[in-house]
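Chemist: protein_36.txt is the file, holding compact mmCIF, N, CA and C atoms:
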```
# COMPACT_ATOMS: atom_id res chain seq x y z
N MET A 1 0.85 -1.18 0.00
CA MET A 1 0.00 0.00 0.00
C MET A 1 0.89 1.24 0.00
N ASN A 2 0.50 2.25 -0.72
CA ASN A 2 1.23 3.50 -0.81
C ASN A 2 1.21 4.18 0.57
N VAL A 3 2.37 4.61 1.05
CA VAL A 3 2.50 5.22 2.38
C VAL A 3 1.70 6.52 2.46
N ASP A 4 1.72 7.35 1.42
CA ASP A 4 0.98 8.61 1.43
C ASP A 4 -0.52 8.35 1.51
N LEU A 5 -0.99 7.36 0.79
CA LEU A 5 -2.40 7.01 0.81
C LEU A 5 -2.80 6.55 2.22
N PHE A 6 -1.98 5.73 2.82
CA PHE A 6 -2.26 5.25 4.18
C PHE A 6 -2.31 6.42 5.16
N ASP A 7 -1.36 7.34 5.06
CA ASP A 7 -1.34 8.51 5.94
C ASP A 7 -2.59 9.37 5.75
N ASP A 8 -3.01 9.55 4.50
CA ASP A 8 -4.23 10.32 4.23
C ASP A 8 -5.46 9.65 4.84
N MET A 9 -5.54 8.32 4.69
CA MET A 9 -6.67 7.58 5.26
C MET A 9 -6.67 7.68 6.79
N LEU A 10 -5.51 7.52 7.39
CA LEU A 10 -5.39 7.59 8.83
C LEU A 10 -5.77 8.98 9.33
N SER A 11 -5.33 10.00 8.63
CA SER A 11 -5.67 11.38 8.98
C SER A 11 -7.18 11.59 8.91
N GLY A 12 -7.81 11.03 7.90
CA GLY A 12 -9.27 11.13 7.76
C GLY A 12 -10.00 10.46 8.90
N PHE A 13 -9.52 9.30 9.32
CA PHE A 13 -10.15 8.60 10.45
C PHE A 13 -9.99 9.39 11.74
N VAL A 14 -8.83 10.01 11.93
CA VAL A 14 -8.59 10.83 13.13
C VAL A 14 -9.55 12.02 13.15
N GLU A 15 -9.72 12.68 11.99
CA GLU A 15 -10.65 13.82 11.89
C GLU A 15 -12.09 13.37 12.14
N ALA A 16 -12.46 12.23 11.59
CA ALA A 16 -13.82 11.70 11.81
C ALA A 16 -14.06 11.40 13.28
N LYS A 17 -13.05 10.87 13.95
CA LYS A 17 -13.17 10.57 15.38
C LYS A 17 -13.35 11.86 16.19
N LYS A 18 -12.60 12.90 15.83
CA LYS A 18 -12.75 14.20 16.50
C LYS A 18 -14.17 14.75 16.29
N HIS A 19 -14.64 14.67 15.05
CA HIS A 19 -15.98 15.17 14.73
C HIS A 19 -17.04 14.44 15.54
N ARG A 20 -16.91 13.14 15.61
CA ARG A 20 -17.88 12.33 16.35
C ARG A 20 -17.87 12.67 17.84
N ALA A 21 -16.71 13.06 18.36
CA ALA A 21 -16.58 13.43 19.77
C ALA A 21 -17.05 14.87 20.02
N GLY A 22 -17.40 15.58 18.93
CA GLY A 22 -17.89 16.94 19.08
C GLY A 22 -16.81 18.00 19.08
N ARG A 23 -15.60 17.62 18.73
CA ARG A 23 -14.50 18.57 18.70
C ARG A 23 -14.39 19.19 17.30
N ARG A 24 -13.76 20.34 17.25
CA ARG A 24 -13.59 21.06 15.99
C ARG A 24 -12.63 20.29 15.06
N THR A 25 -13.00 20.21 13.79
CA THR A 25 -12.18 19.48 12.82
C THR A 25 -12.10 20.24 11.50
N LYS A 26 -11.33 19.71 10.59
CA LYS A 26 -11.20 20.29 9.25
C LYS A 26 -12.20 19.66 8.28
N LEU A 27 -13.08 18.83 8.78
CA LEU A 27 -14.01 18.11 7.91
C LEU A 27 -15.08 19.04 7.35
N ARG A 28 -15.52 18.72 6.17
CA ARG A 28 -16.70 19.35 5.59
C ARG A 28 -17.83 18.33 5.75
N VAL A 29 -18.86 18.74 6.48
CA VAL A 29 -19.95 17.83 6.78
C VAL A 29 -21.17 18.21 5.95
N SER A 30 -21.75 17.25 5.26
CA SER A 30 -22.96 17.46 4.48
C SER A 30 -24.07 16.61 5.06
N ARG A 31 -25.20 17.22 5.25
CA ARG A 31 -26.36 16.49 5.75
C ARG A 31 -27.33 16.28 4.58
N LEU A 32 -27.69 15.05 4.37
CA LEU A 32 -28.58 14.72 3.26
C LEU A 32 -30.01 14.61 3.76
N ALA A 33 -30.92 15.10 2.96
CA ALA A 33 -32.34 15.00 3.30
C ALA A 33 -32.83 13.59 2.99
N PHE A 34 -33.66 13.08 3.85
CA PHE A 34 -34.23 11.76 3.64
C PHE A 34 -35.53 11.88 2.86
N GLN A 35 -35.96 10.77 2.32
CA GLN A 35 -37.22 10.76 1.59
C GLN A 35 -38.35 11.20 2.52
N PRO A 36 -39.24 12.07 2.04
CA PRO A 36 -40.35 12.49 2.89
C PRO A 36 -41.29 11.32 3.18
N VAL A 37 -41.89 11.38 4.33
CA VAL A 37 -42.81 10.33 4.75
C VAL A 37 -44.15 10.53 4.04
N GLU A 38 -44.71 9.45 3.56
CA GLU A 38 -46.02 9.51 2.89
C GLU A 38 -47.08 10.01 3.88
N MET A 39 -48.06 10.73 3.36
CA MET A 39 -49.16 11.21 4.18
C MET A 39 -50.45 10.60 3.67
N LYS A 40 -51.30 10.20 4.62
CA LYS A 40 -52.60 9.65 4.26
C LYS A 40 -53.57 10.79 3.96
N PRO A 41 -54.62 10.51 3.20
CA PRO A 41 -55.58 11.56 2.86
C PRO A 41 -56.12 12.31 4.08
N ALA A 42 -56.41 11.59 5.15
CA ALA A 42 -56.93 12.24 6.36
C ALA A 42 -55.90 13.19 6.97
N GLN A 43 -54.62 12.84 6.86
CA GLN A 43 -53.56 13.72 7.39
C GLN A 43 -53.47 15.00 6.57
N ILE A 44 -53.58 14.87 5.25
CA ILE A 44 -53.53 16.05 4.38
C ILE A 44 -54.72 16.96 4.67
N ARG A 45 -55.90 16.36 4.80
CA ARG A 45 -57.10 17.13 5.15
C ARG A 45 -56.91 17.81 6.50
N GLY A 46 -56.28 17.10 7.44
CA GLY A 46 -56.02 17.66 8.77
C GLY A 46 -55.10 18.87 8.72
N VAL A 47 -54.09 18.80 7.85
CA VAL A 47 -53.18 19.94 7.69
C VAL A 47 -53.96 21.14 7.17
N ARG A 48 -54.78 20.91 6.17
CA ARG A 48 -55.58 22.00 5.59
C ARG A 48 -56.53 22.58 6.63
N ASN A 49 -57.18 21.71 7.37
CA ASN A 49 -58.11 22.18 8.40
C ASN A 49 -57.40 22.95 9.50
N ARG A 50 -56.20 22.50 9.85
CA ARG A 50 -55.42 23.18 10.90
C ARG A 50 -55.05 24.60 10.45
N LEU A 51 -54.81 24.76 9.16
CA LEU A 51 -54.52 26.09 8.61
C LEU A 51 -55.79 26.91 8.39
N LYS A 52 -56.94 26.26 8.58
CA LYS A 52 -58.26 26.89 8.40
C LYS A 52 -58.41 27.46 6.99
N LEU A 53 -58.07 26.62 6.00
CA LEU A 53 -58.18 27.00 4.60
C LEU A 53 -59.17 26.10 3.88
N SER A 54 -59.86 26.65 2.91
CA SER A 54 -60.72 25.84 2.04
C SER A 54 -59.82 25.11 1.04
N GLN A 55 -60.39 24.16 0.30
CA GLN A 55 -59.59 23.47 -0.70
C GLN A 55 -59.04 24.44 -1.75
N PRO A 56 -59.85 25.38 -2.27
CA PRO A 56 -59.27 26.34 -3.24
C PRO A 56 -58.15 27.20 -2.65
N GLU A 57 -58.32 27.65 -1.41
CA GLU A 57 -57.28 28.45 -0.76
C GLU A 57 -56.00 27.63 -0.54
N PHE A 58 -56.19 26.38 -0.10
CA PHE A 58 -55.06 25.50 0.15
C PHE A 58 -54.31 25.21 -1.15
N ALA A 59 -55.07 25.00 -2.23
CA ALA A 59 -54.45 24.75 -3.54
C ALA A 59 -53.63 25.96 -3.98
N GLU A 60 -54.16 27.14 -3.81
CA GLU A 60 -53.42 28.35 -4.19
C GLU A 60 -52.20 28.51 -3.30
N PHE A 61 -52.35 28.22 -2.03
CA PHE A 61 -51.26 28.31 -1.06
C PHE A 61 -50.11 27.39 -1.45
N LEU A 62 -50.43 26.18 -1.94
CA LEU A 62 -49.42 25.19 -2.33
C LEU A 62 -49.01 25.32 -3.80
N CYS A 63 -49.59 26.29 -4.51
CA CYS A 63 -49.30 26.50 -5.94
C CYS A 63 -49.65 25.25 -6.76
N THR A 64 -50.82 24.73 -6.51
CA THR A 64 -51.30 23.56 -7.25
C THR A 64 -52.78 23.77 -7.56
N SER A 65 -53.38 22.83 -8.23
CA SER A 65 -54.79 22.97 -8.60
C SER A 65 -55.71 22.44 -7.51
N ILE A 66 -56.94 22.91 -7.57
CA ILE A 66 -57.96 22.44 -6.62
C ILE A 66 -58.17 20.94 -6.81
N GLY A 67 -58.17 20.49 -8.05
CA GLY A 67 -58.35 19.07 -8.34
C GLY A 67 -57.26 18.21 -7.72
N THR A 68 -56.05 18.73 -7.71
CA THR A 68 -54.94 17.99 -7.10
C THR A 68 -55.16 17.84 -5.61
N VAL A 69 -55.51 18.93 -4.94
CA VAL A 69 -55.77 18.87 -3.49
C VAL A 69 -56.92 17.91 -3.22
N ARG A 70 -57.96 18.01 -4.02
CA ARG A 70 -59.12 17.13 -3.84
C ARG A 70 -58.73 15.66 -4.00
N SER A 71 -57.92 15.36 -5.00
CA SER A 71 -57.52 13.97 -5.23
C SER A 71 -56.60 13.46 -4.12
N TRP A 72 -55.77 14.34 -3.55
CA TRP A 72 -54.94 13.94 -2.40
C TRP A 72 -55.82 13.59 -1.21
N GLU A 73 -56.82 14.43 -0.96
CA GLU A 73 -57.69 14.24 0.20
C GLU A 73 -58.62 13.05 0.03
N GLN A 74 -58.93 12.70 -1.20
CA GLN A 74 -59.78 11.53 -1.46
C GLN A 74 -58.97 10.25 -1.60
N GLY A 75 -57.67 10.38 -1.73
CA GLY A 75 -56.80 9.22 -1.82
C GLY A 75 -56.64 8.66 -3.22
N SER A 76 -57.15 9.34 -4.24
CA SER A 76 -57.01 8.83 -5.60
C SER A 76 -55.62 9.13 -6.18
N ARG A 77 -54.94 10.14 -5.62
CA ARG A 77 -53.56 10.44 -6.00
C ARG A 77 -52.76 10.76 -4.75
N SER A 78 -51.44 10.61 -4.85
CA SER A 78 -50.56 10.93 -3.73
C SER A 78 -49.66 12.10 -4.11
N PRO A 79 -49.36 12.96 -3.15
CA PRO A 79 -48.45 14.08 -3.45
C PRO A 79 -47.04 13.58 -3.77
N HIS A 80 -46.35 14.30 -4.64
CA HIS A 80 -44.96 13.99 -4.95
C HIS A 80 -44.07 14.50 -3.82
N SER A 81 -42.80 14.17 -3.88
CA SER A 81 -41.87 14.45 -2.78
C SER A 81 -41.80 15.92 -2.39
N SER A 82 -41.77 16.83 -3.35
CA SER A 82 -41.68 18.25 -3.00
C SER A 82 -42.94 18.72 -2.27
N ALA A 83 -44.10 18.25 -2.72
CA ALA A 83 -45.35 18.60 -2.04
C ALA A 83 -45.40 17.96 -0.66
N LEU A 84 -44.90 16.74 -0.53
CA LEU A 84 -44.87 16.08 0.77
C LEU A 84 -44.00 16.84 1.77
N ARG A 85 -42.88 17.36 1.31
CA ARG A 85 -42.02 18.14 2.20
C ARG A 85 -42.75 19.40 2.67
N LEU A 86 -43.42 20.07 1.76
CA LEU A 86 -44.17 21.27 2.12
C LEU A 86 -45.32 20.94 3.07
N LEU A 87 -46.01 19.84 2.81
CA LEU A 87 -47.09 19.41 3.70
C LEU A 87 -46.56 19.06 5.09
N ALA A 88 -45.38 18.45 5.15
CA ALA A 88 -44.78 18.10 6.44
C ALA A 88 -44.45 19.36 7.24
N ILE A 89 -43.96 20.39 6.55
CA ILE A 89 -43.68 21.67 7.23
C ILE A 89 -44.99 22.27 7.72
N ALA A 90 -46.01 22.24 6.87
CA ALA A 90 -47.32 22.79 7.26
C ALA A 90 -47.89 22.05 8.45
N LYS A 91 -47.64 20.76 8.53
CA LYS A 91 -48.15 19.95 9.63
C LYS A 91 -47.41 20.26 10.93
N GLU A 92 -46.08 20.35 10.86
CA GLU A 92 -45.26 20.53 12.07
C GLU A 92 -45.13 21.99 12.50
N LYS A 93 -45.02 22.89 11.54
CA LYS A 93 -44.77 24.30 11.85
C LYS A 93 -45.66 25.20 10.99
N PRO A 94 -46.97 25.18 11.21
CA PRO A 94 -47.85 25.97 10.36
C PRO A 94 -47.57 27.47 10.43
N ALA A 95 -47.19 27.99 11.60
CA ALA A 95 -46.91 29.42 11.73
C ALA A 95 -45.74 29.83 10.85
N LEU A 96 -44.72 28.99 10.77
CA LEU A 96 -43.56 29.27 9.93
C LEU A 96 -43.97 29.35 8.46
N LEU A 97 -44.75 28.41 8.03
CA LEU A 97 -45.19 28.38 6.64
C LEU A 97 -46.06 29.59 6.31
N LEU A 98 -46.93 29.96 7.24
CA LEU A 98 -47.78 31.13 7.02
C LEU A 98 -46.95 32.41 6.96
N ARG A 99 -45.93 32.50 7.81
CA ARG A 99 -45.06 33.67 7.80
C ARG A 99 -44.34 33.77 6.45
N MET A 100 -43.89 32.63 5.93
CA MET A 100 -43.21 32.62 4.64
C MET A 100 -44.17 33.03 3.51
N ALA A 101 -45.41 32.63 3.63
CA ALA A 101 -46.40 32.98 2.61
C ALA A 101 -46.76 34.46 2.66
N GLU A 102 -46.67 35.05 3.85
CA GLU A 102 -47.01 36.47 3.99
C GLU A 102 -45.90 37.38 3.49
N ALA A 103 -44.66 36.94 3.49
CA ALA A 103 -43.52 37.79 3.11
C ALA A 103 -43.70 38.41 1.72
N PRO A 104 -44.02 37.65 0.69
CA PRO A 104 -44.20 38.27 -0.63
C PRO A 104 -45.37 39.24 -0.65
N GLN A 105 -46.40 38.98 0.15
CA GLN A 105 -47.55 39.87 0.18
C GLN A 105 -47.17 41.23 0.76
N ARG A 106 -46.28 41.24 1.77
CA ARG A 106 -45.82 42.50 2.34
C ARG A 106 -45.03 43.30 1.32
N GLN A 107 -44.26 42.62 0.49
CA GLN A 107 -43.46 43.30 -0.52
C GLN A 107 -44.35 43.91 -1.60
N LEU A 108 -45.53 43.33 -1.83
CA LEU A 108 -46.44 43.80 -2.88
C LEU A 108 -47.34 44.94 -2.40
N LYS A 109 -47.25 45.33 -1.14
CA LYS A 109 -48.14 46.34 -0.58
C LYS A 109 -48.21 47.55 -1.50
N GLY A 110 -49.41 47.88 -1.92
CA GLY A 110 -49.62 49.03 -2.77
C GLY A 110 -49.42 48.76 -4.25
N LYS A 111 -48.81 47.65 -4.61
CA LYS A 111 -48.55 47.36 -6.02
C LYS A 111 -49.73 46.65 -6.68
N ARG A 112 -50.18 45.59 -6.04
CA ARG A 112 -51.35 44.87 -6.54
C ARG A 112 -51.96 44.08 -5.39
N LYS A 113 -53.20 43.77 -5.53
CA LYS A 113 -53.90 43.07 -4.47
C LYS A 113 -53.58 41.58 -4.53
N PRO A 114 -53.13 40.97 -3.42
CA PRO A 114 -52.87 39.53 -3.43
C PRO A 114 -54.18 38.76 -3.56
N ARG A 115 -54.11 37.63 -4.21
CA ARG A 115 -55.32 36.82 -4.40
C ARG A 115 -55.73 36.11 -3.12
N LEU A 116 -54.76 35.75 -2.29
CA LEU A 116 -55.04 34.99 -1.07
C LEU A 116 -54.34 35.67 0.09
N VAL A 117 -55.11 36.09 1.06
CA VAL A 117 -54.54 36.72 2.24
C VAL A 117 -54.66 35.73 3.39
N ILE A 118 -53.52 35.41 4.00
CA ILE A 118 -53.49 34.45 5.09
C ILE A 118 -52.96 35.13 6.33
N SER A 119 -53.66 34.97 7.41
CA SER A 119 -53.22 35.57 8.67
C SER A 119 -52.72 34.47 9.59
N GLN A 120 -51.66 34.76 10.37
CA GLN A 120 -51.14 33.78 11.30
C GLN A 120 -52.18 33.45 12.37
N ASN A 121 -53.10 34.34 12.61
CA ASN A 121 -54.12 34.09 13.62
C ASN A 121 -55.04 32.95 13.24
N THR A 122 -55.05 32.57 11.94
CA THR A 122 -55.94 31.52 11.50
C THR A 122 -55.37 30.13 11.74
N ALA A 123 -54.09 30.04 12.04
CA ALA A 123 -53.46 28.72 12.19
C ALA A 123 -53.00 28.50 13.62
N ALA A 124 -53.08 27.27 14.04
CA ALA A 124 -52.55 26.90 15.34
C ALA A 124 -51.04 26.98 15.28
N LYS A 125 -50.44 27.42 16.37
CA LYS A 125 -48.98 27.55 16.40
C LYS A 125 -48.35 26.31 16.93
```
Render the structure in this file as structure tokens.

Modeler:
Amino acid sequence: MNVDLFDDMLSGFVEAKKHRAGRRTKLRVSRLAFQPVEMKPAQIRGVRNRLKLSQPEFAEFLCTSIGTVRSWEQGSRSPHSSALRLLAIAKEKPALLLRMAEAPQRQLKGKRKPRLVISQNTAAK
């Protein structure tokens, strides 16, 4: 085995051990997102109800069609991964999602009327 290669590998193991112990290292750490967990139709409906939105409002909020939301809630179709991630955020942190949705509306003040106005008071925190 090449001595330089062995030294590089050993150095990497030492750095990994330091990182695992919580000490500062030269490592670059990347965290990978896991596949979103599937949601049942009742859970999706529950998220919408928790946000106190109608199906048309929820569809506009998620940038999808009313038919898509309806088919998710009836179980005839399942949301794709990006929609599942957004639904998971809405389920766990509805206030955060509502705050994010309000940000563009604040920037539009006086420019044009937003189609959907959402207040944080409508969602459980």

Chemist: Calculated over all atoms listed in the file, which of the candidates A:Leu51, A:Leu62, A:Met100, A:Leu10 has the smallest distance to Ala83 of chain A?

Modeler: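 Of all the options, A:Leu62 lies closest to Ala83 of chain A.
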
Chemist: One decimal, Å: what's the distance from atom CA of Ile44 of chain A over to atom CA of Arg31 of chain A, could you say?

Modeler: 27.2 Å

Chemist: Here is a test: counting only N, CA and C atoms, which residue of A:Lys17, A:Gln43, A:Pro36, A:Arg23 is nearest to Ser82 of chain A?

Modeler: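 Looking only at the distances to Ser82 of chain A, the closest residue turns out to be A:Pro36.
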
Chemist: If I take atom C of Gly22 of chain A and atom N of Gln35 of chain A, how far is one from the other in Å, to one decimal?

Modeler: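 These two atoms are separated by 26.5 Å.
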
Chemist: Tell me which protein, DNA and RNA residues are within 7 Å of segment 85-92 of chain A, counting only N, CA and C atoms, leaving out same-chain ones fewer than 3 positions away, and put them as a VMD selection string.

Modeler: chain A and resid 36 to 37 47 80 to 82 95 97 125

Chemist: Name the residues in contact with Pro56 of chain A at a cut-off of 8 Å, using all atoms listed in the file, excluding same-chain residues fewer than 2 positions from it; report them as a VMD selection string.

Modeler: chain A and resid 53 to 54 58 to 62 65 to 67 69 to 70

Chemist: Write out as a ChimeraX atom specification all residues of chain A that DSSP puts in helix (DSSP H, G or I) for this structure's backbone.

Modeler: /A:3-20,41-50,55-61,66-74,81-92,94-107,120-122

Chemist: Could you tell me how far atom C of Lys40 of chain A sits from atom CA of Glu73 of chain A, in Å to one decimal place?

Modeler: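 That distance, rounded to one decimal, is 6.6 Å.
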